[in-house]
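Scroll down for the structure; my scribbles are underneath it.
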Amino acid sequence: MVEAVQGWKHSPTICHGLIQDTVEKSEAPEHLQYIDSIIVWGDMAAEVFEKGEKIIQILLKAGFAIKKSKVKGPAQEIQFLGVKWQDGRWQIPTNVINKITAMSQPTNKRETQAFLDAIGF
């Protein structure tokens, strides 16, 4: 995980761009990225571990710091961006659906931010 500088208005966007540029310029395996979160997948745990390790090495070589506590190992099921992923399929958790249906349609920036927070973004 790469930590964005706190307090900068556009630090998440800058962080995302820096990581994306670094990974795209290398021979990184197929992955999904959102800001400082990266997910890889595969048919076997060893394949997932190898892909994750390759991306970690690319980022370390480029000078990024990665908290080992934030690195998750291969799993049958994960939650990424508020969505549960399992066996190549995704599902929005019931608690997220309930939060969304209980909310009114956002009418301003603050309500929109609350909505995005409720759905895991």
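By order in the structure tokens, chains are A, B, ...; within a chain, residues start at 1; ligands start at 1, following the order shown.
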Subject >> Close residues, range 90-104 of chain A itself excluded, 10 Å, only C-alpha atoms, min 4 positions apart in chain, as JSON, numbers by chain >> reply: {"A": [77, 78, 79, 80, 81, 82, 83, 84, 85, 86, 111, 114, 115, 116, 118, 119, 120]}
Original post:
Pick the closest to Pro74 in chain A from A:Gly17, A:Pro106, A:Pro29, A:Gly42: which is it, counting only C-alpha atoms?
Top reply: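 Smallest separation from Pro74 in chain A among the options: A:Gly42.
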**OP:** Can you check which residues of chain A DSSP gives as strand (DSSP E) on the backbone and send them as a PyMOL selection string?
**Re:** chain A and resi 32-34+37-39+77-80+83-86+89-91
Can I get the selection written as a PDB file, in the first residue's frame, with C-alpha atoms?
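For reference, selection.pdb as written:
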```pdb
ATOM      1  CA  LEU A  32      -6.946  -3.617 -10.861  1.00  0.00           C
ATOM      2  CA  GLN A  33      -5.916  -0.415  -9.128  1.00  0.00           C
ATOM      3  CA  TYR A  34      -7.827   2.242  -7.210  1.00  0.00           C
ATOM      4  CA  SER A  37      -5.040  -0.388  -3.585  1.00  0.00           C
ATOM      5  CA  ILE A  38      -4.021  -3.027  -6.111  1.00  0.00           C
ATOM      6  CA  ILE A  39      -5.623  -6.426  -6.621  1.00  0.00           C
ATOM      7  CA  GLU A  77     -12.995 -14.218  -1.192  1.00  0.00           C
ATOM      8  CA  ILE A  78     -12.057 -10.553  -0.906  1.00  0.00           C
ATOM      9  CA  GLN A  79     -13.737  -7.206  -0.456  1.00  0.00           C
ATOM     10  CA  PHE A  80     -12.459  -4.521  -2.849  1.00  0.00           C
ATOM     11  CA  VAL A  83     -17.745  -5.223  -3.510  1.00  0.00           C
ATOM     12  CA  LYS A  84     -17.287  -8.870  -2.498  1.00  0.00           C
ATOM     13  CA  TRP A  85     -15.367 -10.889  -5.116  1.00  0.00           C
ATOM     14  CA  GLN A  86     -15.409 -14.694  -5.146  1.00  0.00           C
ATOM     15  CA  ARG A  89     -17.969 -13.163  -9.599  1.00  0.00           C
ATOM     16  CA  TRP A  90     -18.806 -10.040  -7.660  1.00  0.00           C
ATOM     17  CA  GLN A  91     -21.593  -9.255  -5.249  1.00  0.00           C
TER      18      GLN A  91
END
```
Original post:
Between CA of Gln76 in chain A and CA of Thr22 in chain A, what is the spacing in Å?
Top reply: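 Between CA of Thr22 in chain A and CA of Gln76 in chain A the gap works out to 28.1 Å.
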**OP:** Using only C-alpha atoms, determine which residues lie at most 12 Å from His31 in chain A, disregarding the query and same-chain residues fewer than 6 positions distant; provide the list as a list in words.
**Re:**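 The residues satisfying every condition are Gln20, Val23, Glu24, Ser37, Ile38, Ile39, Val40, Trp41, Gly42, Val48, Lys51, Gly52, Lys54 and Ile55 of chain A.
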Just the selected residues (C-alpha atoms), exported as a PDB file, in the first residue's frame, please.
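See part_6.pdb below for the written result:
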```
ATOM      1  CA  GLN A  20      -0.265   3.660 -12.384  1.00  0.00           C
ATOM      2  CA  VAL A  23       3.281  -0.198 -12.935  1.00  0.00           C
ATOM      3  CA  GLU A  24       2.346   0.427 -16.592  1.00  0.00           C
ATOM      4  CA  SER A  37      -5.040  -0.388  -3.585  1.00  0.00           C
ATOM      5  CA  ILE A  38      -4.021  -3.027  -6.111  1.00  0.00           C
ATOM      6  CA  ILE A  39      -5.623  -6.426  -6.621  1.00  0.00           C
ATOM      7  CA  VAL A  40      -4.329  -9.389  -8.624  1.00  0.00           C
ATOM      8  CA  TRP A  41      -6.035 -12.716  -9.279  1.00  0.00           C
ATOM      9  CA  GLY A  42      -5.343 -16.188 -10.566  1.00  0.00           C
ATOM     10  CA  VAL A  48      -1.707 -14.902  -7.078  1.00  0.00           C
ATOM     11  CA  LYS A  51       1.780 -11.737  -9.332  1.00  0.00           C
ATOM     12  CA  GLY A  52       1.440  -9.756  -6.108  1.00  0.00           C
ATOM     13  CA  LYS A  54       6.048  -8.942  -8.833  1.00  0.00           C
ATOM     14  CA  ILE A  55       4.009  -5.752  -8.406  1.00  0.00           C
TER      15      ILE A  55
END
```
Original post:
With only C-alpha atoms as the basis for distance, which of A:Leu59, A:Ala46, A:Ile66, A:Ala75 is at the shortest distance from Leu18 in chain A?
Top reply: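 Counting only C-alpha atoms, the residue closest to Leu18 in chain A is A:Leu59.
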**OP:** Would you please work out which residue, of A:Cys15, A:Asp87, A:Glu47, A:Ile58, is nearest to Gly73 in chain A when using only C-alpha atoms?
**Re:**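 Answer, going by the shortest atom-to-atom distance: A:Glu47.
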Subject >> Per-residue DSSP, chain A, filtered to helix (DSSP H, G or I), as a PyMOL selection string >> reply: chain A and resi 11-24+45-61+68-70+94-102+109-118
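Picture a line from CA of Ser26 in chain A to CA of Lys68 in chain A; it runs 21.7 Å.
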